[in-house]
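*Asks:* Got a structure for you, model-v3.json, holding JSON, N, CA, C and O atoms.
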```json
[["chain", "number", "residue", "atom", "x", "y", "z"],
["A", 1, "MET", "N", 0.82, -1.19, 0.00],
["A", 1, "MET", "CA", 0.00, 0.00, 0.00],
["A", 1, "MET", "C", 0.87, 1.26, 0.00],
["A", 1, "MET", "O", 0.38, 2.32, -0.26],
["A", 2, "GLU", "N", 2.15, 1.11, 0.27],
["A", 2, "GLU", "CA", 3.06, 2.24, 0.32],
["A", 2, "GLU", "C", 3.17, 2.93, -1.04],
["A", 2, "GLU", "O", 3.29, 4.14, -1.09],
["A", 3, "GLY", "N", 3.11, 2.18, -2.12],
["A", 3, "GLY", "CA", 3.35, 2.74, -3.43],
["A", 3, "GLY", "C", 2.13, 3.32, -4.12],
["A", 3, "GLY", "O", 2.19, 3.62, -5.29],
["A", 4, "THR", "N", 1.02, 3.45, -3.43],
["A", 4, "THR", "CA", -0.19, 3.95, -4.09],
["A", 4, "THR", "C", -0.08, 5.42, -4.45],
["A", 4, "THR", "O", -0.68, 5.85, -5.42],
["A", 5, "GLY", "N", 0.67, 6.20, -3.68],
["A", 5, "GLY", "CA", 0.97, 7.57, -4.05],
["A", 5, "GLY", "C", -0.18, 8.55, -3.89],
["A", 5, "GLY", "O", -0.17, 9.36, -2.99],
["A", 6, "ALA", "N", -1.15, 8.52, -4.77],
["A", 6, "ALA", "CA", -2.21, 9.52, -4.79],
["A", 6, "ALA", "C", -3.14, 9.37, -3.60],
["A", 6, "ALA", "O", -3.21, 8.34, -2.95],
["A", 7, "GLY", "N", -3.83, 10.45, -3.31],
["A", 7, "GLY", "CA", -4.79, 10.45, -2.22],
["A", 7, "GLY", "C", -5.86, 11.49, -2.47],
["A", 7, "GLY", "O", -5.99, 12.02, -3.58],
["A", 8, "PHE", "N", -6.63, 11.80, -1.45],
["A", 8, "PHE", "CA", -7.69, 12.78, -1.56],
["A", 8, "PHE", "C", -7.20, 14.11, -1.00],
["A", 8, "PHE", "O", -6.56, 14.15, 0.04],
["A", 9, "ARG", "N", -7.52, 15.20, -1.70],
["A", 9, "ARG", "CA", -7.15, 16.53, -1.22],
["A", 9, "ARG", "C", -8.00, 16.89, 0.00],
["A", 9, "ARG", "O", -9.16, 16.52, 0.10],
["A", 10, "LYS", "N", -7.41, 17.64, 0.91],
["A", 10, "LYS", "CA", -8.11, 18.04, 2.13],
["A", 10, "LYS", "C", -9.35, 18.87, 1.81],
["A", 10, "LYS", "O", -10.37, 18.77, 2.50],
["A", 11, "GLU", "N", -9.28, 19.67, 0.76],
["A", 11, "GLU", "CA", -10.43, 20.50, 0.38],
["A", 11, "GLU", "C", -11.62, 19.64, -0.02],
["A", 11, "GLU", "O", -12.76, 19.94, 0.34],
["A", 12, "LEU", "N", -11.35, 18.58, -0.76],
["A", 12, "LEU", "CA", -12.42, 17.67, -1.18],
["A", 12, "LEU", "C", -13.02, 16.95, 0.01],
["A", 12, "LEU", "O", -14.25, 16.86, 0.14],
["A", 13, "VAL", "N", -12.17, 16.46, 0.90],
["A", 13, "VAL", "CA", -12.65, 15.75, 2.08],
["A", 13, "VAL", "C", -13.48, 16.69, 2.95],
["A", 13, "VAL", "O", -14.55, 16.33, 3.44],
["A", 14, "SER", "N", -13.02, 17.92, 3.10],
["A", 14, "SER", "CA", -13.76, 18.90, 3.89],
["A", 14, "SER", "C", -15.14, 19.17, 3.28],
["A", 14, "SER", "O", -16.15, 19.21, 3.99],
["A", 15, "LYS", "N", -15.18, 19.32, 1.97],
["A", 15, "LYS", "CA", -16.45, 19.56, 1.28],
["A", 15, "LYS", "C", -17.41, 18.38, 1.46],
["A", 15, "LYS", "O", -18.60, 18.56, 1.73],
["A", 16, "LEU", "N", -16.89, 17.16, 1.32],
["A", 16, "LEU", "CA", -17.72, 15.97, 1.49],
["A", 16, "LEU", "C", -18.28, 15.88, 2.90],
["A", 16, "LEU", "O", -19.46, 15.55, 3.10],
["A", 17, "LEU", "N", -17.44, 16.16, 3.89],
["A", 17, "LEU", "CA", -17.91, 16.12, 5.28],
["A", 17, "LEU", "C", -18.96, 17.18, 5.55],
["A", 17, "LEU", "O", -19.99, 16.91, 6.17],
["A", 18, "HIS", "N", -18.71, 18.39, 5.07],
["A", 18, "HIS", "CA", -19.64, 19.49, 5.34],
["A", 18, "HIS", "C", -20.99, 19.31, 4.64],
["A", 18, "HIS", "O", -21.99, 19.86, 5.08],
["A", 19, "LEU", "N", -21.01, 18.55, 3.57],
["A", 19, "LEU", "CA", -22.29, 18.27, 2.91],
["A", 19, "LEU", "C", -23.23, 17.46, 3.80],
["A", 19, "LEU", "O", -24.44, 17.50, 3.63],
["A", 20, "HIS", "N", -22.65, 16.74, 4.77],
["A", 20, "HIS", "CA", -23.46, 15.87, 5.62],
["A", 20, "HIS", "C", -23.63, 16.39, 7.04],
["A", 20, "HIS", "O", -24.33, 15.77, 7.83],
["A", 21, "PHE", "N", -23.02, 17.52, 7.37],
["A", 21, "PHE", "CA", -23.19, 18.10, 8.69],
["A", 21, "PHE", "C", -24.53, 18.82, 8.76],
["A", 21, "PHE", "O", -24.92, 19.50, 7.82],
["A", 22, "LYS", "N", -25.22, 18.67, 9.87],
["A", 22, "LYS", "CA", -26.50, 19.37, 10.05],
["A", 22, "LYS", "C", -26.29, 20.83, 10.43],
["A", 22, "LYS", "O", -27.06, 21.69, 10.05],
["A", 23, "ASP", "N", -25.24, 21.08, 11.20],
["A", 23, "ASP", "CA", -24.94, 22.43, 11.65],
["A", 23, "ASP", "C", -23.85, 23.03, 10.76],
["A", 23, "ASP", "O", -22.75, 22.48, 10.65],
["A", 24, "ASP", "N", -24.14, 24.17, 10.12],
["A", 24, "ASP", "CA", -23.17, 24.80, 9.23],
["A", 24, "ASP", "C", -21.95, 25.32, 9.98],
["A", 24, "ASP", "O", -20.91, 25.59, 9.37],
["A", 25, "LYS", "N", -22.04, 25.47, 11.28],
["A", 25, "LYS", "CA", -20.93, 26.00, 12.07],
["A", 25, "LYS", "C", -19.94, 24.91, 12.48],
["A", 25, "LYS", "O", -18.92, 25.22, 13.09],
["A", 26, "THR", "N", -20.21, 23.68, 12.15],
["A", 26, "THR", "CA", -19.32, 22.58, 12.52],
["A", 26, "THR", "C", -17.98, 22.75, 11.82],
["A", 26, "THR", "O", -17.91, 23.02, 10.63],
["A", 27, "LYS", "N", -16.91, 22.58, 12.59],
["A", 27, "LYS", "CA", -15.56, 22.72, 12.05],
["A", 27, "LYS", "C", -14.83, 21.38, 12.18],
["A", 27, "LYS", "O", -15.10, 20.60, 13.08],
["A", 28, "VAL", "N", -13.88, 21.17, 11.28],
["A", 28, "VAL", "CA", -13.08, 19.96, 11.28],
["A", 28, "VAL", "C", -11.62, 20.37, 11.32],
["A", 28, "VAL", "O", -11.19, 21.20, 10.52],
["A", 29, "SER", "N", -10.86, 19.79, 12.23],
["A", 29, "SER", "CA", -9.44, 20.14, 12.34],
["A", 29, "SER", "C", -8.64, 19.56, 11.18],
["A", 29, "SER", "O", -9.09, 18.64, 10.48],
["A", 30, "GLY", "N", -7.47, 20.09, 10.98],
["A", 30, "GLY", "CA", -6.59, 19.61, 9.92],
["A", 30, "GLY", "C", -6.21, 18.16, 10.12],
["A", 30, "GLY", "O", -6.11, 17.39, 9.16],
["A", 31, "ASP", "N", -5.98, 17.77, 11.38],
["A", 31, "ASP", "CA", -5.64, 16.37, 11.67],
["A", 31, "ASP", "C", -6.80, 15.44, 11.32],
["A", 31, "ASP", "O", -6.60, 14.35, 10.79],
["A", 32, "ALA", "N", -8.02, 15.87, 11.62],
["A", 32, "ALA", "CA", -9.20, 15.06, 11.31],
["A", 32, "ALA", "C", -9.37, 14.93, 9.80],
["A", 32, "ALA", "O", -9.73, 13.85, 9.30],
["A", 33, "LEU", "N", -9.11, 15.99, 9.06],
["A", 33, "LEU", "CA", -9.20, 15.93, 7.60],
["A", 33, "LEU", "C", -8.15, 14.98, 7.03],
["A", 33, "LEU", "O", -8.44, 14.20, 6.12],
["A", 34, "GLN", "N", -6.95, 15.05, 7.58],
["A", 34, "GLN", "CA", -5.88, 14.17, 7.11],
["A", 34, "GLN", "C", -6.22, 12.71, 7.40],
["A", 34, "GLN", "O", -6.04, 11.83, 6.56],
["A", 35, "LEU", "N", -6.76, 12.46, 8.58],
["A", 35, "LEU", "CA", -7.15, 11.10, 8.95],
["A", 35, "LEU", "C", -8.28, 10.59, 8.06],
["A", 35, "LEU", "O", -8.26, 9.46, 7.58],
["A", 36, "MET", "N", -9.26, 11.43, 7.80],
["A", 36, "MET", "CA", -10.39, 11.04, 6.95],
["A", 36, "MET", "C", -9.93, 10.79, 5.52],
["A", 36, "MET", "O", -10.40, 9.85, 4.85],
["A", 37, "ALA", "N", -9.00, 11.61, 5.03],
["A", 37, "ALA", "CA", -8.46, 11.42, 3.68],
["A", 37, "ALA", "C", -7.74, 10.08, 3.58],
["A", 37, "ALA", "O", -7.87, 9.36, 2.58],
["A", 38, "GLU", "N", -6.99, 9.72, 4.62],
["A", 38, "GLU", "CA", -6.29, 8.43, 4.63],
["A", 38, "GLU", "C", -7.29, 7.28, 4.67],
["A", 38, "GLU", "O", -7.12, 6.27, 3.99],
["A", 39, "LEU", "N", -8.35, 7.42, 5.45],
["A", 39, "LEU", "CA", -9.38, 6.39, 5.52],
["A", 39, "LEU", "C", -10.07, 6.20, 4.17],
["A", 39, "LEU", "O", -10.29, 5.06, 3.73],
["A", 40, "LEU", "N", -10.38, 7.29, 3.49],
["A", 40, "LEU", "CA", -10.99, 7.20, 2.17],
["A", 40, "LEU", "C", -10.06, 6.52, 1.17],
["A", 40, "LEU", "O", -10.49, 5.70, 0.35],
["A", 41, "LYS", "N", -8.78, 6.85, 1.24],
["A", 41, "LYS", "CA", -7.80, 6.24, 0.36],
["A", 41, "LYS", "C", -7.74, 4.73, 0.58],
["A", 41, "LYS", "O", -7.76, 3.94, -0.37],
["A", 42, "ILE", "N", -7.68, 4.33, 1.84],
["A", 42, "ILE", "CA", -7.64, 2.90, 2.16],
["A", 42, "ILE", "C", -8.90, 2.20, 1.68],
["A", 42, "ILE", "O", -8.85, 1.11, 1.13],
["A", 43, "PHE", "N", -10.06, 2.84, 1.87],
["A", 43, "PHE", "CA", -11.33, 2.27, 1.44],
["A", 43, "PHE", "C", -11.36, 2.05, -0.08],
["A", 43, "PHE", "O", -11.75, 0.98, -0.56],
["A", 44, "VAL", "N", -10.93, 3.04, -0.83],
["A", 44, "VAL", "CA", -10.95, 2.94, -2.30],
["A", 44, "VAL", "C", -9.97, 1.88, -2.79],
["A", 44, "VAL", "O", -10.30, 1.09, -3.68],
["A", 45, "VAL", "N", -8.78, 1.84, -2.21],
["A", 45, "VAL", "CA", -7.79, 0.84, -2.60],
["A", 45, "VAL", "C", -8.31, -0.56, -2.29],
["A", 45, "VAL", "O", -8.20, -1.49, -3.10],
["A", 46, "GLU", "N", -8.91, -0.72, -1.11],
["A", 46, "GLU", "CA", -9.45, -2.03, -0.72],
["A", 46, "GLU", "C", -10.59, -2.44, -1.65],
["A", 46, "GLU", "O", -10.71, -3.61, -2.04],
["A", 47, "ALA", "N", -11.44, -1.49, -2.04],
["A", 47, "ALA", "CA", -12.52, -1.79, -2.98],
["A", 47, "ALA", "C", -11.96, -2.25, -4.32],
["A", 47, "ALA", "O", -12.47, -3.21, -4.92],
["A", 48, "ALA", "N", -10.91, -1.61, -4.77],
["A", 48, "ALA", "CA", -10.30, -1.99, -6.04],
["A", 48, "ALA", "C", -9.69, -3.39, -5.96],
["A", 48, "ALA", "O", -9.87, -4.21, -6.87],
["A", 49, "ILE", "N", -8.98, -3.66, -4.87],
["A", 49, "ILE", "CA", -8.34, -4.97, -4.71],
["A", 49, "ILE", "C", -9.39, -6.08, -4.66],
["A", 49, "ILE", "O", -9.26, -7.11, -5.32],
["A", 50, "ARG", "N", -10.45, -5.86, -3.90],
["A", 50, "ARG", "CA", -11.49, -6.88, -3.79],
["A", 50, "ARG", "C", -12.22, -7.08, -5.12],
["A", 50, "ARG", "O", -12.61, -8.20, -5.47],
["A", 51, "SER", "N", -12.41, -6.01, -5.86],
["A", 51, "SER", "CA", -13.05, -6.12, -7.17],
["A", 51, "SER", "C", -12.18, -6.91, -8.15],
["A", 51, "SER", "O", -12.68, -7.72, -8.94],
["A", 52, "ILE", "N", -10.88, -6.68, -8.08],
["A", 52, "ILE", "CA", -9.95, -7.44, -8.94],
["A", 52, "ILE", "C", -10.00, -8.91, -8.59],
["A", 52, "ILE", "O", -10.07, -9.78, -9.48],
["A", 53, "ARG", "N", -9.99, -9.23, -7.31],
["A", 53, "ARG", "CA", -10.05, -10.63, -6.89],
["A", 53, "ARG", "C", -11.36, -11.29, -7.33],
["A", 53, "ARG", "O", -11.38, -12.45, -7.72],
["A", 54, "GLN", "N", -12.44, -10.53, -7.27],
["A", 54, "GLN", "CA", -13.73, -11.06, -7.70],
["A", 54, "GLN", "C", -13.71, -11.34, -9.20],
["A", 54, "GLN", "O", -14.21, -12.38, -9.66],
["A", 55, "ALA", "N", -13.14, -10.43, -9.97],
["A", 55, "ALA", "CA", -13.04, -10.64, -11.42],
["A", 55, "ALA", "C", -12.18, -11.86, -11.73],
["A", 55, "ALA", "O", -12.50, -12.64, -12.62],
["A", 56, "GLN", "N", -11.09, -12.03, -10.99],
["A", 56, "GLN", "CA", -10.23, -13.20, -11.20],
["A", 56, "GLN", "C", -10.97, -14.49, -10.86],
["A", 56, "GLN", "O", -10.82, -15.49, -11.56],
["A", 57, "ALA", "N", -11.78, -14.46, -9.81],
["A", 57, "ALA", "CA", -12.55, -15.64, -9.43],
["A", 57, "ALA", "C", -13.57, -16.01, -10.49],
["A", 57, "ALA", "O", -13.94, -17.18, -10.65],
["A", 58, "GLU", "N", -14.02, -15.02, -11.23],
["A", 58, "GLU", "CA", -14.99, -15.24, -12.31],
["A", 58, "GLU", "C", -14.30, -15.45, -13.66],
["A", 58, "GLU", "O", -14.96, -15.48, -14.69],
["A", 59, "ASP", "N", -12.97, -15.55, -13.66],
["A", 59, "ASP", "CA", -12.17, -15.73, -14.89],
["A", 59, "ASP", "C", -12.42, -14.63, -15.90],
["A", 59, "ASP", "O", -12.54, -14.89, -17.11],
["A", 60, "LEU", "N", -12.49, -13.40, -15.42],
["A", 60, "LEU", "CA", -12.67, -12.25, -16.30],
["A", 60, "LEU", "C", -11.35, -11.50, -16.45],
["A", 60, "LEU", "O", -10.54, -11.44, -15.53],
["A", 61, "ALA", "N", -11.15, -10.92, -17.63],
["A", 61, "ALA", "CA", -9.91, -10.21, -17.91],
["A", 61, "ALA", "C", -9.93, -8.77, -17.40],
["A", 61, "ALA", "O", -8.89, -8.15, -17.24],
["A", 62, "ARG", "N", -11.13, -8.23, -17.18],
["A", 62, "ARG", "CA", -11.20, -6.86, -16.70],
["A", 62, "ARG", "C", -12.29, -6.71, -15.65],
["A", 62, "ARG", "O", -13.27, -7.46, -15.62],
["A", 63, "VAL", "N", -12.10, -5.71, -14.81],
["A", 63, "VAL", "CA", -13.04, -5.44, -13.72],
["A", 63, "VAL", "C", -14.12, -4.50, -14.21],
["A", 63, "VAL", "O", -13.84, -3.51, -14.88],
["A", 64, "ASP", "N", -15.34, -4.83, -13.87],
["A", 64, "ASP", "CA", -16.48, -4.00, -14.25],
["A", 64, "ASP", "C", -17.23, -3.62, -12.97],
["A", 64, "ASP", "O", -16.93, -4.11, -11.88],
["A", 65, "VAL", "N", -18.20, -2.79, -13.10],
["A", 65, "VAL", "CA", -18.99, -2.36, -11.94],
["A", 65, "VAL", "C", -19.70, -3.54, -11.27],
["A", 65, "VAL", "O", -19.96, -3.52, -10.07],
["A", 66, "ASP", "N", -19.95, -4.59, -12.04],
["A", 66, "ASP", "CA", -20.61, -5.78, -11.48],
["A", 66, "ASP", "C", -19.78, -6.41, -10.37],
["A", 66, "ASP", "O", -20.33, -6.84, -9.35],
["A", 67, "GLN", "N", -18.47, -6.46, -10.54],
["A", 67, "GLN", "CA", -17.62, -7.04, -9.52],
["A", 67, "GLN", "C", -17.60, -6.16, -8.27],
["A", 67, "GLN", "O", -17.61, -6.66, -7.15],
["A", 68, "LEU", "N", -17.59, -4.85, -8.47],
["A", 68, "LEU", "CA", -17.64, -3.94, -7.33],
["A", 68, "LEU", "C", -18.94, -4.11, -6.56],
["A", 68, "LEU", "O", -18.95, -4.16, -5.33],
["A", 69, "GLU", "N", -20.04, -4.25, -7.28],
["A", 69, "GLU", "CA", -21.33, -4.44, -6.62],
["A", 69, "GLU", "C", -21.38, -5.74, -5.82],
["A", 69, "GLU", "O", -22.05, -5.81, -4.79],
["A", 70, "LYS", "N", -20.65, -6.75, -6.26],
["A", 70, "LYS", "CA", -20.65, -8.02, -5.54],
["A", 70, "LYS", "C", -19.83, -7.95, -4.25],
["A", 70, "LYS", "O", -20.17, -8.61, -3.27],
["A", 71, "VAL", "N", -18.77, -7.16, -4.24],
["A", 71, "VAL", "CA", -17.91, -7.10, -3.04],
["A", 71, "VAL", "C", -18.31, -5.96, -2.10],
["A", 71, "VAL", "O", -17.90, -5.94, -0.94],
["A", 72, "LEU", "N", -19.11, -5.04, -2.56],
["A", 72, "LEU", "CA", -19.45, -3.85, -1.77],
["A", 72, "LEU", "C", -20.16, -4.14, -0.45],
["A", 72, "LEU", "O", -19.79, -3.55, 0.57],
["A", 73, "PRO", "N", -21.13, -5.04, -0.39],
["A", 73, "PRO", "CA", -21.80, -5.29, 0.90],
["A", 73, "PRO", "C", -20.83, -5.71, 2.01],
["A", 73, "PRO", "O", -20.86, -5.17, 3.11],
["A", 74, "GLN", "N", -19.94, -6.66, 1.72],
["A", 74, "GLN", "CA", -18.99, -7.10, 2.73],
["A", 74, "GLN", "C", -17.98, -6.01, 3.04],
["A", 74, "GLN", "O", -17.57, -5.83, 4.20],
["A", 75, "LEU", "N", -17.57, -5.26, 2.03],
["A", 75, "LEU", "CA", -16.63, -4.16, 2.25],
["A", 75, "LEU", "C", -17.20, -3.13, 3.21],
["A", 75, "LEU", "O", -16.52, -2.67, 4.13],
["A", 76, "LEU", "N", -18.46, -2.78, 3.03],
["A", 76, "LEU", "CA", -19.11, -1.81, 3.92],
["A", 76, "LEU", "C", -19.21, -2.35, 5.33],
["A", 76, "LEU", "O", -19.06, -1.61, 6.31],
["A", 77, "LEU", "N", -19.48, -3.63, 5.47],
["A", 77, "LEU", "CA", -19.54, -4.24, 6.81],
["A", 77, "LEU", "C", -18.15, -4.24, 7.47],
["A", 77, "LEU", "O", -18.05, -4.08, 8.69],
["A", 78, "ASP", "N", -17.10, -4.43, 6.68],
["A", 78, "ASP", "CA", -15.76, -4.46, 7.22],
["A", 78, "ASP", "C", -15.27, -3.09, 7.68],
["A", 78, "ASP", "O", -14.41, -2.99, 8.54],
["A", 79, "PHE", "N", -15.81, -2.03, 7.08],
["A", 79, "PHE", "CA", -15.41, -0.69, 7.47],
["A", 79, "PHE", "C", -16.39, -0.13, 8.45],
["A", 79, "PHE", "O", -16.28, 0.83, 9.06]]
```
In structure tokens, write the structure found in this file.
*Replies:*
Amino acid sequence: MEGTGAGFRKELVSKLLHLHFKDDKTKVSGDALQLMAELLKIFVVEAAIRSIRQAQAEDLARVDVDQLEKVLPQLLLDF
């Protein structure tokens, strides 16, 4: 997982969080944004890995949304 490189920008994570806050005055610290960005990165990478494994189990050469839909319920339970 060290070599994944890319991640989510703090501005994007902040915007996503604020879309779901009930109180507009809610603030999020920089550390919390960094932590949430790392969690989102791990979630997306794990979803990709599980989708690839599902496609391999089905003897498919490429991953489609169908494989993601098959692994998503367990992925959500794991997180």
*Asks:* To one decimal place in Å, what is the distance between atom O of Arg9 of chain A and atom C of Ile42 of chain A?
*Replies:*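 Atom-to-atom, atom O of Arg9 of chain A and atom C of Ile42 of chain A are spaced 14.4 Å apart.
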*Asks:* For Ser14 of chain A, work out the shell of residues within 8 Å, counting only N, CA, C and O atoms and skipping chain neighbours fewer than 6 positions away, then give it as a ChimeraX atom specification.
*Replies:* /A:20-21,26,28,33,37
*Asks:* If DSSP is run on the backbone, what residues of chain A are helix (DSSP H, G or I)? A reply as a ChimeraX atom specification would be ideal.
*Replies:* /A:2-4,10-20,30-57,65-78
*Asks:* Could you give me, as a ChimeraX atom specification, the residues within 12 Å of Val63 of chain A, counting only C-alpha atoms and dropping anything in the same chain fewer than 6 positions from it?
*Replies:* /A:47-57,69-71
*Asks:* A:Gln67, A:Gln34, A:Val45, A:Pro73: which is nearest Lys10 of chain A, counting all atoms listed in the file?
*Replies:*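 Looking only at the distances to Lys10 of chain A, the closest residue turns out to be A:Gln34.
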*Asks:* Grab the atom CA of Val13 of chain A to atom CA of Met36 of chain A distance for me, in Å with one decimal place.
*Replies:*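 According to the coordinates, atom CA of Val13 of chain A and atom CA of Met36 of chain A are separated by 7.1 Å.
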*Asks:* Mind pulling up the distance from atom N of Gly7 of chain A to atom CA of Gly30 of chain A?
*Replies:*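 Going from atom CA of Gly30 of chain A over to atom N of Gly7 of chain A, I get 16.3 Å.
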*Asks:* Determine the axis-aligned bounding box of all atoms of segment 71-79 of chain A present in the file, pad each side by 4 Å, and express its centre and edge lengths in Å to one decimal place as AutoDock Vina command-line options.
*Replies:*
```
--center_x -18.1 --center_y -3.2 --center_z 2.4 --size_x 15.4 --size_y 16.0 --size_z 21.3
```
*Asks:* Kindly indicate which residue among A:Ala32, A:Asp24, A:Val65, A:Leu75 lies nearest to Glu46 of chain A, using only N, CA, C and O atoms for the distances.
*Replies:*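 Checking each candidate against Glu46 of chain A, we get A:Leu75 as the closest.
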